[in-house]
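The structure file protein-v9.cif is reproduced below (mmCIF, C-alpha atoms).
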```cif
data_model
#
loop_
_atom_site.group_PDB
_atom_site.id
_atom_site.type_symbol
_atom_site.label_atom_id
_atom_site.label_comp_id
_atom_site.auth_asym_id
_atom_site.auth_seq_id
_atom_site.Cartn_x
_atom_site.Cartn_y
_atom_site.Cartn_z
ATOM 1 C CA MET A 1165 0.000 0.000 0.000
ATOM 2 C CA ARG A 1166 1.441 3.326 -0.968
ATOM 3 C CA LEU A 1167 0.419 6.959 -0.997
ATOM 4 C CA GLY A 1168 1.780 9.196 -3.735
ATOM 5 C CA GLN A 1169 4.506 11.669 -2.867
ATOM 6 C CA ALA A 1170 2.088 14.473 -3.718
ATOM 7 C CA VAL A 1171 0.195 13.845 -0.464
ATOM 8 C CA GLU A 1172 3.212 15.203 1.413
ATOM 9 C CA TRP A 1173 3.513 18.142 -0.997
ATOM 10 C CA MET A 1174 -0.102 19.143 -0.726
ATOM 11 C CA LEU A 1175 -0.329 18.853 3.044
ATOM 12 C CA HIS A 1176 2.675 21.162 3.388
ATOM 13 C CA THR A 1177 1.289 23.484 0.724
ATOM 14 C CA CYS A 1178 -2.052 23.813 2.516
ATOM 15 C CA LEU A 1179 -0.233 24.387 5.789
ATOM 16 C CA ASN A 1180 1.889 27.122 4.216
ATOM 17 C CA LEU A 1181 -1.082 28.784 2.559
ATOM 18 C CA SER A 1182 -2.783 28.931 5.957
ATOM 19 C CA TRP A 1183 -0.137 31.517 6.879
ATOM 20 C CA VAL A 1184 -0.469 33.666 3.776
ATOM 21 C CA ASP A 1185 -3.321 36.053 2.968
ATOM 22 C CA GLU A 1186 -2.750 36.515 -0.753
ATOM 23 C CA PRO A 1187 -2.767 33.994 -3.628
ATOM 24 C CA VAL A 1188 0.614 32.347 -4.303
ATOM 25 C CA SER A 1189 1.769 31.283 -7.766
ATOM 26 C CA THR A 1190 2.539 27.658 -8.610
ATOM 27 C CA ALA A 1191 6.154 28.657 -9.320
ATOM 28 C CA ARG A 1192 6.598 29.991 -5.799
ATOM 29 C CA LEU A 1193 4.813 27.067 -4.191
ATOM 30 C CA ALA A 1194 7.082 24.705 -6.117
ATOM 31 C CA ASP A 1195 10.203 26.727 -5.434
ATOM 32 C CA ILE A 1196 9.904 26.699 -1.651
ATOM 33 C CA TYR A 1197 10.715 22.951 -1.551
ATOM 34 C CA ARG A 1198 12.262 22.635 -5.041
ATOM 35 C CA LEU A 1199 9.340 20.550 -6.284
ATOM 36 C CA PRO A 1200 8.594 19.890 -9.984
ATOM 37 C CA SER A 1201 6.335 22.771 -10.915
ATOM 38 C CA ALA A 1202 4.266 21.133 -13.692
ATOM 39 C CA TYR A 1203 3.381 18.107 -11.591
ATOM 40 C CA LEU A 1204 2.721 20.251 -8.543
ATOM 41 C CA ASN A 1205 0.344 22.347 -10.639
ATOM 42 C CA LYS A 1206 -1.721 19.257 -11.481
ATOM 43 C CA GLN A 1207 -2.084 18.553 -7.796
ATOM 44 C CA LEU A 1208 -3.009 22.152 -7.027
ATOM 45 C CA GLN A 1209 -5.730 21.918 -9.675
ATOM 46 C CA ALA A 1210 -6.962 18.686 -8.102
ATOM 47 C CA LEU A 1211 -7.307 20.444 -4.745
ATOM 48 C CA ALA A 1212 -9.052 23.359 -6.427
ATOM 49 C CA ARG A 1213 -11.582 20.912 -7.944
ATOM 50 C CA GLU A 1214 -12.295 19.613 -4.441
ATOM 51 C CA LYS A 1215 -12.755 23.191 -3.208
ATOM 52 C CA ILE A 1216 -9.816 22.999 -0.819
ATOM 53 C CA LEU A 1217 -7.942 25.644 -2.819
ATOM 54 C CA VAL A 1218 -9.133 28.496 -5.001
ATOM 55 C CA SER A 1219 -7.320 29.268 -8.217
ATOM 56 C CA VAL A 1220 -7.166 33.051 -8.621
ATOM 57 C CA PRO A 1221 -6.470 34.164 -12.221
ATOM 58 C CA GLY A 1222 -4.394 37.166 -13.263
ATOM 59 C CA ALA A 1223 -0.878 38.561 -12.931
ATOM 60 C CA ARG A 1224 -1.043 38.561 -9.136
ATOM 61 C CA GLY A 1225 -3.048 35.366 -9.082
ATOM 62 C CA GLY A 1226 -2.227 31.900 -7.839
ATOM 63 C CA PHE A 1227 -3.682 29.624 -5.215
ATOM 64 C CA ARG A 1228 -5.110 30.315 -1.798
ATOM 65 C CA LEU A 1229 -7.088 28.201 0.668
ATOM 66 C CA ALA A 1230 -10.769 27.990 -0.223
ATOM 67 C CA ARG A 1231 -11.836 27.769 3.409
ATOM 68 C CA ASP A 1232 -10.706 28.087 6.986
ATOM 69 C CA PRO A 1233 -7.761 25.744 7.838
ATOM 70 C CA ALA A 1234 -9.898 24.358 10.679
ATOM 71 C CA GLU A 1235 -12.344 23.184 7.997
ATOM 72 C CA ILE A 1236 -9.744 21.279 5.972
ATOM 73 C CA SER A 1237 -9.006 17.811 7.337
ATOM 74 C CA LEU A 1238 -6.025 15.705 6.371
ATOM 75 C CA LEU A 1239 -8.524 13.268 4.876
ATOM 76 C CA ASP A 1240 -9.860 16.014 2.573
ATOM 77 C CA VAL A 1241 -6.356 16.552 1.197
ATOM 78 C CA VAL A 1242 -5.494 12.850 0.929
ATOM 79 C CA VAL A 1243 -8.734 12.093 -0.915
ATOM 80 C CA ALA A 1244 -8.241 15.067 -3.268
ATOM 81 C CA VAL A 1245 -4.816 13.716 -4.237
ATOM 82 C CA GLU A 1246 -5.471 9.968 -4.150
ATOM 83 C CA GLY A 1247 -9.131 9.738 -5.095
ATOM 84 C CA LYS A 1248 -12.092 8.413 -3.178
ATOM 85 C CA ALA A 1249 -11.640 4.692 -3.882
ATOM 86 C CA GLU A 1250 -10.999 2.406 -0.925
ATOM 87 C CA ALA A 1251 -7.547 0.871 -0.570
ATOM 88 C CA PHE A 1252 -9.048 -2.598 -0.233
ATOM 89 C CA ARG A 1253 -11.330 -3.393 -3.139
ATOM 90 C CA CYS A 1254 -13.367 -6.544 -2.721
ATOM 91 C CA ALA A 1255 -13.500 -8.390 -6.040
ATOM 92 C CA GLN A 1256 -16.103 -10.755 -4.569
ATOM 93 C CA ILE A 1257 -14.070 -13.876 -5.274
ATOM 94 C CA LEU A 1258 -16.433 -15.763 -2.956
ATOM 95 C CA ARG A 1259 -18.966 -15.711 -5.803
ATOM 96 C CA ASN A 1260 -16.783 -18.225 -7.638
ATOM 97 C CA GLY A 1261 -16.167 -20.340 -4.529
ATOM 98 C CA PRO A 1262 -18.069 -23.330 -3.115
ATOM 99 C CA GLY A 1263 -21.631 -22.299 -2.253
ATOM 100 C CA GLY A 1264 -21.040 -18.917 -3.911
ATOM 101 C CA ASP A 1265 -24.242 -17.049 -4.728
ATOM 102 C CA PRO A 1266 -24.253 -14.559 -7.626
ATOM 103 C CA ASP A 1267 -27.081 -12.645 -5.943
ATOM 104 C CA VAL A 1268 -25.127 -11.865 -2.768
ATOM 105 C CA ASP A 1269 -23.147 -8.625 -2.499
ATOM 106 C CA TYR A 1270 -20.028 -10.098 -0.902
ATOM 107 C CA SER A 1271 -18.370 -6.709 -0.601
ATOM 108 C CA SER A 1272 -20.698 -6.060 2.339
ATOM 109 C CA TYR A 1273 -21.403 -9.674 3.397
ATOM 110 C CA CYS A 1274 -17.881 -11.147 3.417
ATOM 111 C CA VAL A 1275 -16.117 -11.133 6.805
ATOM 112 C CA VAL A 1276 -12.714 -10.578 5.183
ATOM 113 C CA SER A 1277 -14.032 -7.554 3.335
ATOM 114 C CA GLN A 1278 -15.712 -6.193 6.464
ATOM 115 C CA SER A 1279 -12.503 -6.572 8.470
ATOM 116 C CA MET A 1280 -10.401 -4.792 5.875
ATOM 117 C CA ARG A 1281 -12.960 -2.014 5.739
ATOM 118 C CA ARG A 1282 -12.997 -1.582 9.473
ATOM 119 C CA ALA A 1283 -9.223 -1.033 9.414
ATOM 120 C CA GLU A 1284 -9.511 1.466 6.612
ATOM 121 C CA LEU A 1285 -12.215 3.273 8.530
ATOM 122 C CA ALA A 1286 -9.839 3.611 11.493
ATOM 123 C CA TRP A 1287 -7.279 5.216 9.164
ATOM 124 C CA ARG A 1288 -9.833 7.589 7.652
ATOM 125 C CA ARG A 1289 -11.261 8.494 11.036
ATOM 126 C CA GLU A 1290 -7.809 9.490 12.256
ATOM 127 C CA LEU A 1291 -7.173 11.623 9.167
ATOM 128 C CA ALA A 1292 -10.649 13.174 9.321
ATOM 129 C CA GLY A 1293 -10.122 14.142 12.946
ATOM 130 C CA ARG A 1294 -7.075 16.250 12.250
ATOM 131 C CA THR A 1295 -7.105 19.548 10.360
ATOM 132 C CA ILE A 1296 -4.590 21.862 8.729
ATOM 133 C CA ALA A 1297 -5.276 24.248 11.647
ATOM 134 C CA ASP A 1298 -4.314 21.520 14.154
ATOM 135 C CA ILE A 1299 -1.060 20.931 12.323
ATOM 136 C CA ALA A 1300 -0.364 24.661 12.091
ATOM 137 C CA ALA A 1301 -0.895 25.026 15.838
ATOM 138 C CA ASP A 1302 1.518 22.163 16.584
ATOM 139 C CA VAL A 1303 4.140 23.592 14.235
ATOM 140 C CA VAL A 1304 3.921 27.053 15.821
ATOM 141 C CA ARG A 1305 4.217 25.592 19.320
ATOM 142 C CA ARG A 1306 7.455 23.959 18.276
ATOM 143 C CA ASN A 1307 8.757 26.668 15.984
ATOM 144 C CA PRO A 1308 7.095 30.076 16.517
ATOM 145 C CA ASP A 1309 9.042 31.568 13.587
ATOM 146 C CA ALA A 1310 7.628 29.121 11.038
ATOM 147 C CA PRO A 1311 4.702 31.254 9.770
ATOM 148 C CA GLU A 1312 6.912 34.278 9.153
ATOM 149 C CA LEU A 1313 9.657 32.234 7.489
ATOM 150 C CA VAL A 1314 7.077 30.721 5.152
ATOM 151 C CA ARG A 1315 5.361 34.049 4.461
ATOM 152 C CA ASP A 1316 8.703 35.607 3.583
ATOM 153 C CA ALA A 1317 9.592 32.766 1.249
ATOM 154 C CA LEU A 1318 6.226 32.789 -0.511
ATOM 155 C CA THR A 1319 5.462 36.487 -0.800
ATOM 156 C CA ASN A 1320 8.684 38.521 -0.869
ATOM 157 C CA MET B 641 -3.899 4.479 -1.866
ATOM 158 C CA ARG B 642 -4.491 0.966 -3.070
ATOM 159 C CA LEU B 643 -3.926 -2.562 -1.891
ATOM 160 C CA GLY B 644 -3.202 -5.243 -4.461
ATOM 161 C CA GLN B 645 -5.933 -7.719 -5.314
ATOM 162 C CA ALA B 646 -3.729 -10.467 -3.917
ATOM 163 C CA VAL B 647 -4.478 -9.290 -0.370
ATOM 164 C CA GLU B 648 -8.042 -10.539 -0.824
ATOM 165 C CA TRP B 649 -6.802 -13.792 -2.373
ATOM 166 C CA MET B 650 -4.363 -14.530 0.403
ATOM 167 C CA LEU B 651 -6.711 -13.700 3.262
ATOM 168 C CA HIS B 652 -9.285 -16.111 1.825
ATOM 169 C CA THR B 653 -6.594 -18.696 1.139
ATOM 170 C CA CYS B 654 -5.343 -18.585 4.741
ATOM 171 C CA LEU B 655 -8.921 -18.796 5.984
ATOM 172 C CA ASN B 656 -9.581 -21.844 3.798
ATOM 173 C CA LEU B 657 -6.353 -23.537 4.820
ATOM 174 C CA SER B 658 -7.370 -23.099 8.457
ATOM 175 C CA TRP B 659 -10.091 -25.683 7.737
ATOM 176 C CA VAL B 660 -7.868 -28.236 6.000
ATOM 177 C CA ASP B 661 -5.348 -30.542 7.655
ATOM 178 C CA GLU B 662 -3.311 -31.542 4.631
ATOM 179 C CA PRO B 663 -1.200 -29.486 2.198
ATOM 180 C CA VAL B 664 -3.170 -28.135 -0.793
ATOM 181 C CA SER B 665 -1.650 -27.645 -4.247
ATOM 182 C CA THR B 666 -1.460 -24.219 -5.890
ATOM 183 C CA ALA B 667 -3.710 -25.505 -8.690
ATOM 184 C CA ARG B 668 -6.473 -26.364 -6.239
ATOM 185 C CA LEU B 669 -6.079 -23.141 -4.275
ATOM 186 C CA ALA B 670 -6.342 -21.206 -7.545
ATOM 187 C CA ASP B 671 -9.231 -23.288 -8.839
ATOM 188 C CA ILE B 672 -11.538 -22.723 -5.903
ATOM 189 C CA TYR B 673 -12.006 -19.055 -6.893
ATOM 190 C CA ARG B 674 -10.785 -19.310 -10.518
ATOM 191 C CA LEU B 675 -7.682 -17.258 -9.749
ATOM 192 C CA PRO B 676 -4.624 -17.076 -12.059
ATOM 193 C CA SER B 677 -2.471 -19.935 -10.823
ATOM 194 C CA ALA B 678 1.000 -18.564 -11.691
ATOM 195 C CA TYR B 679 0.407 -15.225 -9.972
ATOM 196 C CA LEU B 680 -1.265 -16.900 -7.007
ATOM 197 C CA ASN B 681 1.796 -19.123 -6.649
ATOM 198 C CA LYS B 682 4.051 -16.066 -6.320
ATOM 199 C CA GLN B 683 1.863 -14.831 -3.496
ATOM 200 C CA LEU B 684 1.851 -18.233 -1.808
ATOM 201 C CA GLN B 685 5.655 -18.212 -1.947
ATOM 202 C CA ALA B 686 5.689 -14.727 -0.419
ATOM 203 C CA LEU B 687 3.588 -15.977 2.487
ATOM 204 C CA ALA B 688 5.868 -18.985 2.856
ATOM 205 C CA ARG B 689 8.867 -16.628 3.087
ATOM 206 C CA GLU B 690 7.119 -14.807 5.927
ATOM 207 C CA LYS B 691 6.436 -18.141 7.643
ATOM 208 C CA ILE B 692 2.677 -17.793 7.395
ATOM 209 C CA LEU B 693 2.516 -20.800 5.073
ATOM 210 C CA VAL B 694 4.706 -23.864 4.702
ATOM 211 C CA SER B 695 5.492 -25.189 1.249
ATOM 212 C CA VAL B 696 5.443 -29.001 1.378
ATOM 213 C CA PRO B 697 7.288 -30.633 -1.537
ATOM 214 C CA GLY B 698 6.279 -33.857 -3.289
ATOM 215 C CA ALA B 699 3.386 -35.394 -5.198
ATOM 216 C CA ARG B 700 0.960 -34.866 -2.319
ATOM 217 C CA GLY B 701 2.576 -31.578 -1.395
ATOM 218 C CA GLY B 702 1.319 -28.017 -1.529
ATOM 219 C CA PHE B 703 0.757 -25.305 1.041
ATOM 220 C CA ARG B 704 -0.510 -25.434 4.577
ATOM 221 C CA LEU B 705 -0.609 -22.888 7.379
ATOM 222 C CA ALA B 706 2.721 -22.593 9.191
ATOM 223 C CA ARG B 707 1.082 -21.798 12.504
ATOM 224 C CA ASP B 708 -2.163 -21.684 14.406
ATOM 225 C CA PRO B 709 -4.781 -19.413 12.712
ATOM 226 C CA ALA B 710 -5.048 -17.505 16.002
ATOM 227 C CA GLU B 711 -1.371 -16.600 15.542
ATOM 228 C CA ILE B 712 -1.830 -15.141 12.046
ATOM 229 C CA SER B 713 -3.111 -11.566 12.048
ATOM 230 C CA LEU B 714 -4.565 -9.809 9.040
ATOM 231 C CA LEU B 715 -1.586 -7.471 9.281
ATOM 232 C CA ASP B 716 0.802 -10.421 8.895
ATOM 233 C CA VAL B 717 -0.883 -11.350 5.620
ATOM 234 C CA VAL B 718 -1.152 -7.783 4.317
ATOM 235 C CA VAL B 719 2.528 -7.119 5.043
ATOM 236 C CA ALA B 720 3.581 -10.399 3.419
ATOM 237 C CA VAL B 721 1.767 -9.408 0.220
ATOM 238 C CA GLU B 722 2.379 -5.653 0.195
ATOM 239 C CA GLY B 723 5.741 -5.360 1.901
ATOM 240 C CA LYS B 724 6.723 -3.606 5.099
ATOM 241 C CA ALA B 725 7.063 -0.049 3.760
ATOM 242 C CA GLU B 726 4.719 2.582 5.151
ATOM 243 C CA ALA B 727 2.006 3.970 2.877
ATOM 244 C CA PHE B 728 3.078 7.517 3.642
ATOM 245 C CA ARG B 729 6.775 7.997 2.951
ATOM 246 C CA CYS B 730 8.193 11.264 4.176
ATOM 247 C CA ALA B 731 10.633 12.615 1.583
ATOM 248 C CA GLN B 732 11.705 15.311 4.069
ATOM 249 C CA ILE B 733 10.849 18.174 1.749
ATOM 250 C CA LEU B 734 11.167 20.503 4.758
ATOM 251 C CA ARG B 735 14.933 20.174 4.389
ATOM 252 C CA ASN B 736 14.684 22.289 1.246
ATOM 253 C CA GLY B 737 12.272 24.778 2.793
ATOM 254 C CA PRO B 738 12.911 28.028 4.703
ATOM 255 C CA GLY B 739 14.895 27.330 7.860
ATOM 256 C CA GLY B 740 15.398 23.725 6.727
ATOM 257 C CA ASP B 741 18.189 21.915 8.546
ATOM 258 C CA PRO B 742 19.994 19.042 6.806
ATOM 259 C CA ASP B 743 20.851 17.553 10.210
ATOM 260 C CA VAL B 744 17.224 17.142 11.304
ATOM 261 C CA ASP B 745 15.383 13.877 10.629
ATOM 262 C CA TYR B 746 12.101 15.392 9.478
ATOM 263 C CA SER B 747 10.479 11.996 9.053
ATOM 264 C CA SER B 748 10.212 11.896 12.840
ATOM 265 C CA TYR B 749 10.214 15.664 13.583
ATOM 266 C CA CYS B 750 7.677 16.944 11.036
ATOM 267 C CA VAL B 751 4.107 17.330 12.318
ATOM 268 C CA VAL B 752 2.640 16.356 8.921
ATOM 269 C CA SER B 753 4.688 13.187 8.890
ATOM 270 C CA GLN B 754 3.738 12.376 12.481
ATOM 271 C CA SER B 755 0.049 12.870 11.745
ATOM 272 C CA MET B 756 0.125 10.631 8.699
ATOM 273 C CA ARG B 757 1.964 8.006 10.707
ATOM 274 C CA ARG B 758 -0.557 8.122 13.514
ATOM 275 C CA ALA B 759 -3.338 7.369 11.014
ATOM 276 C CA GLU B 760 -1.373 4.509 9.530
ATOM 277 C CA LEU B 761 -0.764 3.135 12.993
ATOM 278 C CA ALA B 762 -4.532 3.116 13.608
ATOM 279 C CA TRP B 763 -4.948 1.057 10.425
ATOM 280 C CA ARG B 764 -2.187 -1.350 11.372
ATOM 281 C CA ARG B 765 -3.445 -1.716 14.913
ATOM 282 C CA GLU B 766 -6.861 -2.713 13.635
ATOM 283 C CA LEU B 767 -5.364 -5.299 11.259
ATOM 284 C CA ALA B 768 -2.985 -6.603 13.923
ATOM 285 C CA GLY B 769 -5.869 -7.085 16.359
ATOM 286 C CA ARG B 770 -7.766 -9.463 14.113
ATOM 287 C CA THR B 771 -6.638 -12.963 13.228
ATOM 288 C CA ILE B 772 -7.532 -15.631 10.688
ATOM 289 C CA ALA B 773 -9.101 -17.540 13.604
ATOM 290 C CA ASP B 774 -11.351 -14.548 14.396
ATOM 291 C CA ILE B 775 -12.505 -14.411 10.790
ATOM 292 C CA ALA B 776 -13.052 -18.173 10.676
ATOM 293 C CA ALA B 777 -15.197 -17.968 13.822
ATOM 294 C CA ASP B 778 -17.324 -15.175 12.344
ATOM 295 C CA VAL B 779 -17.775 -17.062 9.077
ATOM 296 C CA VAL B 780 -18.852 -20.246 10.869
ATOM 297 C CA ARG B 781 -21.341 -18.335 13.008
ATOM 298 C CA ARG B 782 -22.953 -17.050 9.847
ATOM 299 C CA ASN B 783 -22.530 -20.121 7.674
ATOM 300 C CA PRO B 784 -21.836 -23.319 9.671
ATOM 301 C CA ASP B 785 -21.371 -25.331 6.465
ATOM 302 C CA ALA B 786 -18.485 -23.176 5.197
ATOM 303 C CA PRO B 787 -15.604 -25.297 6.549
ATOM 304 C CA GLU B 788 -16.963 -28.500 5.043
ATOM 305 C CA LEU B 789 -17.766 -26.876 1.699
ATOM 306 C CA VAL B 790 -14.214 -25.557 1.520
ATOM 307 C CA ARG B 791 -12.669 -28.853 2.659
ATOM 308 C CA ASP B 792 -14.625 -30.710 -0.022
ATOM 309 C CA ALA B 793 -13.556 -28.274 -2.722
ATOM 310 C CA LEU B 794 -9.884 -28.358 -1.736
ATOM 311 C CA THR B 795 -9.324 -32.020 -0.905
ATOM 312 C CA ASN B 796 -11.768 -34.208 -2.840
#
```
Starting from the file, lay out its structure as structure tokens.
Amino acid sequence: MRLGQAVEWMLHTCLNLSWVDEPVSTARLADIYRLPSAYLNKQLQALAREKILVSVPGARGGFRLARDPAEISLLDVVVAVEGKAEAFRCAQILRNGPGGDPDVDYSSYCVVSQSMRRAELAWRRELAGRTIADIAADVVRRNPDAPELVRDALTN
Amino acid sequence: MRLGQAVEWMLHTCLNLSWVDEPVSTARLADIYRLPSAYLNKQLQALAREKILVSVPGARGGFRLARDPAEISLLDVVVAVEGKAEAFRCAQILRNGPGGDPDVDYSSYCVVSQSMRRAELAWRRELAGRTIADIAADVVRRNPDAPELVRDALTN
């Protein structure tokens, strides 16, 4: 099981944008961590589609958060990057097995499938319970200069 | 994030083998759900390497569980199929950012990384807390004939 590298990029990008009031260009957002700008832009667009970011057109345009950082969970960002599909996808192999019934929906009936889902739910619940604002607060507690360092890098 | 289809195959295979006393050939294990035998065999070998299964050579050989089903967690099987690497891999992009320090291990220091890890731990904990024996017990409660149906299909 693997999450794409862009999950890390976009979580940090949302965190950084929570400290900036104006839109920031893709070039600057890429530059701060030396990320590949074209690929980063695709991810920024994906987050804009999910209404986590807003894409502001024009010469002084760029991306900003679409809503309060306390209203953006880690799950929102992960799902925007990775898609909504579950990690475990039940192919209902029991249908082909002994006593298999083509009329049963094994993805909800099968104990294996249920168990895998319960684990995934635990993962999602953890990610849903933590927001960009929570992360920002933890970062500032540890490093009070972080917001200003980031603002300087992104806007000056 | 996605788990390979073989996770489903191997969880059901371990469950089925928990009801059979003798080794079962790859061909029979594949046949019961019409799975591709060559690819299934690779997965069976992977589980044998992790000492979840034992590969028994010879004409009446095949695979059997290497230990009691109560000693095989879902996590054991998932890790054997998917590998040990974490789903979220911190590439330490903070090192390149403002105030980044090449001497800091951001994979343990970074709040984003810690949060993603906590979620993954919740997922792993859930999988580690459930065994093949637990699943077998739930299946039998719901369908008392399951063990015999499976035994018939795999050994007759």
Query raised in the report: Between CA of Lys1215 in chain A and CA of Leu1318 in chain A, what is the distance, to one decimal in Å?
Result: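 Spanning CA of Lys1215 in chain A to CA of Leu1318 in chain A is a straight-line distance of 21.4 Å.
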Give me, as a PyMOL selection string, the residues of chain A touching chain B, with the criterion being at most 9 Å (counting all atoms listed in the file). chain A and resi 1165-1169+1171-1173+1175-1176+1195-1199+1238+1242+1246-1247+1249-1263+1274-1277+1279-1280+1282-1291+1294+1299-1300+1302-1303+1310+1313-1314+1316-1317
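In this structure, CA of Asp1240 in chain A sits 28.5 Å away from CA of Val744 in chain B.
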From CA of Val1241 in chain A to CA of Val1218 in chain A the spacing works out at 13.7 Å
**Request:** Using the chain letters and numbers from the file, give me the residues hit by the PyMOL selection byres ((chain B and resi 687) around 10), as an NGL selection string.
**Result:** :B and (650 or 654 or 681-686 or 688-695 or 703 or 705-706 or 716-721)
Contacts of Val1188 in chain A within 10 Å, all atoms listed in the file, excl. fewer than 2 positions in-chain, as a list in words:
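Once the adjacent positions are removed, what remains is Leu1181, Val1184, Asp1185, Glu1186, Thr1190, Ala1191, Arg1192, Leu1193, Ser1219, Val1220, Arg1224, Gly1225, Gly1226, Phe1227, Arg1228, Leu1318 and Thr1319 of chain A.
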Using all atoms listed in the file, the best pick from B:Asn656, B:Pro784, B:Ser665, B:Asn796 as closest to Ala699 in chain B would be B:Ser665
Could I get range 1208-1223 of chain A from the block written out with N, CA, C and O atoms, as a PDB file, in the first residue's frame?
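Saved result, result-v8.pdb, follows:
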```pdb
ATOM      1  N   LEU A1208      -2.321  20.944  -7.481  1.00  0.00           N
ATOM      2  CA  LEU A1208      -3.009  22.152  -7.027  1.00  0.00           C
ATOM      3  C   LEU A1208      -4.390  22.239  -7.682  1.00  0.00           C
ATOM      4  O   LEU A1208      -5.380  22.570  -7.028  1.00  0.00           O
ATOM      5  N   GLN A1209      -4.448  21.919  -8.963  1.00  0.00           N
ATOM      6  CA  GLN A1209      -5.730  21.918  -9.675  1.00  0.00           C
ATOM      7  C   GLN A1209      -6.684  20.890  -9.069  1.00  0.00           C
ATOM      8  O   GLN A1209      -7.891  21.137  -8.949  1.00  0.00           O
ATOM      9  N   ALA A1210      -6.123  19.737  -8.704  1.00  0.00           N
ATOM     10  CA  ALA A1210      -6.962  18.686  -8.102  1.00  0.00           C
ATOM     11  C   ALA A1210      -7.569  19.192  -6.795  1.00  0.00           C
ATOM     12  O   ALA A1210      -8.747  18.959  -6.510  1.00  0.00           O
ATOM     13  N   LEU A1211      -6.777  19.899  -6.010  1.00  0.00           N
ATOM     14  CA  LEU A1211      -7.307  20.444  -4.745  1.00  0.00           C
ATOM     15  C   LEU A1211      -8.296  21.580  -4.997  1.00  0.00           C
ATOM     16  O   LEU A1211      -9.238  21.760  -4.219  1.00  0.00           O
ATOM     17  N   ALA A1212      -8.092  22.306  -6.086  1.00  0.00           N
ATOM     18  CA  ALA A1212      -9.052  23.359  -6.427  1.00  0.00           C
ATOM     19  C   ALA A1212     -10.391  22.720  -6.821  1.00  0.00           C
ATOM     20  O   ALA A1212     -11.456  23.207  -6.451  1.00  0.00           O
ATOM     21  N   ARG A1213     -10.336  21.612  -7.564  1.00  0.00           N
ATOM     22  CA  ARG A1213     -11.582  20.912  -7.944  1.00  0.00           C
ATOM     23  C   ARG A1213     -12.357  20.456  -6.717  1.00  0.00           C
ATOM     24  O   ARG A1213     -13.580  20.432  -6.725  1.00  0.00           O
ATOM     25  N   GLU A1214     -11.628  20.078  -5.673  1.00  0.00           N
ATOM     26  CA  GLU A1214     -12.295  19.613  -4.441  1.00  0.00           C
ATOM     27  C   GLU A1214     -12.615  20.771  -3.499  1.00  0.00           C
ATOM     28  O   GLU A1214     -12.987  20.549  -2.345  1.00  0.00           O
ATOM     29  N   LYS A1215     -12.418  21.991  -3.988  1.00  0.00           N
ATOM     30  CA  LYS A1215     -12.755  23.191  -3.208  1.00  0.00           C
ATOM     31  C   LYS A1215     -11.977  23.297  -1.895  1.00  0.00           C
ATOM     32  O   LYS A1215     -12.481  23.766  -0.867  1.00  0.00           O
ATOM     33  N   ILE A1216     -10.733  22.793  -1.942  1.00  0.00           N
ATOM     34  CA  ILE A1216      -9.816  22.999  -0.819  1.00  0.00           C
ATOM     35  C   ILE A1216      -8.995  24.258  -1.108  1.00  0.00           C
ATOM     36  O   ILE A1216      -8.686  25.043  -0.226  1.00  0.00           O
ATOM     37  N   LEU A1217      -8.643  24.440  -2.367  1.00  0.00           N
ATOM     38  CA  LEU A1217      -7.942  25.644  -2.819  1.00  0.00           C
ATOM     39  C   LEU A1217      -8.842  26.412  -3.787  1.00  0.00           C
ATOM     40  O   LEU A1217      -9.778  25.849  -4.359  1.00  0.00           O
ATOM     41  N   VAL A1218      -8.513  27.690  -3.960  1.00  0.00           N
ATOM     42  CA  VAL A1218      -9.133  28.496  -5.001  1.00  0.00           C
ATOM     43  C   VAL A1218      -8.023  28.938  -5.938  1.00  0.00           C
ATOM     44  O   VAL A1218      -6.952  29.352  -5.484  1.00  0.00           O
ATOM     45  N   SER A1219      -8.274  28.792  -7.218  1.00  0.00           N
ATOM     46  CA  SER A1219      -7.320  29.268  -8.217  1.00  0.00           C
ATOM     47  C   SER A1219      -7.728  30.682  -8.623  1.00  0.00           C
ATOM     48  O   SER A1219      -8.812  30.893  -9.159  1.00  0.00           O
ATOM     49  N   VAL A1220      -6.862  31.642  -8.333  1.00  0.00           N
ATOM     50  CA  VAL A1220      -7.166  33.051  -8.621  1.00  0.00           C
ATOM     51  C   VAL A1220      -6.425  33.446  -9.899  1.00  0.00           C
ATOM     52  O   VAL A1220      -5.196  33.373  -9.943  1.00  0.00           O
ATOM     53  N   PRO A1221      -7.150  33.829 -10.955  1.00  0.00           N
ATOM     54  CA  PRO A1221      -6.470  34.164 -12.221  1.00  0.00           C
ATOM     55  C   PRO A1221      -5.803  35.550 -12.155  1.00  0.00           C
ATOM     56  O   PRO A1221      -6.044  36.303 -11.222  1.00  0.00           O
ATOM     57  N   GLY A1222      -4.988  35.828 -13.147  1.00  0.00           N
ATOM     58  CA  GLY A1222      -4.394  37.166 -13.263  1.00  0.00           C
ATOM     59  C   GLY A1222      -2.930  37.207 -12.891  1.00  0.00           C
ATOM     60  O   GLY A1222      -2.358  36.221 -12.399  1.00  0.00           O
ATOM     61  N   ALA A1223      -2.320  38.373 -13.130  1.00  0.00           N
ATOM     62  CA  ALA A1223      -0.878  38.561 -12.931  1.00  0.00           C
ATOM     63  C   ALA A1223      -0.480  38.346 -11.475  1.00  0.00           C
ATOM     64  O   ALA A1223       0.582  37.813 -11.176  1.00  0.00           O
TER      65      ALA A1223
END
```
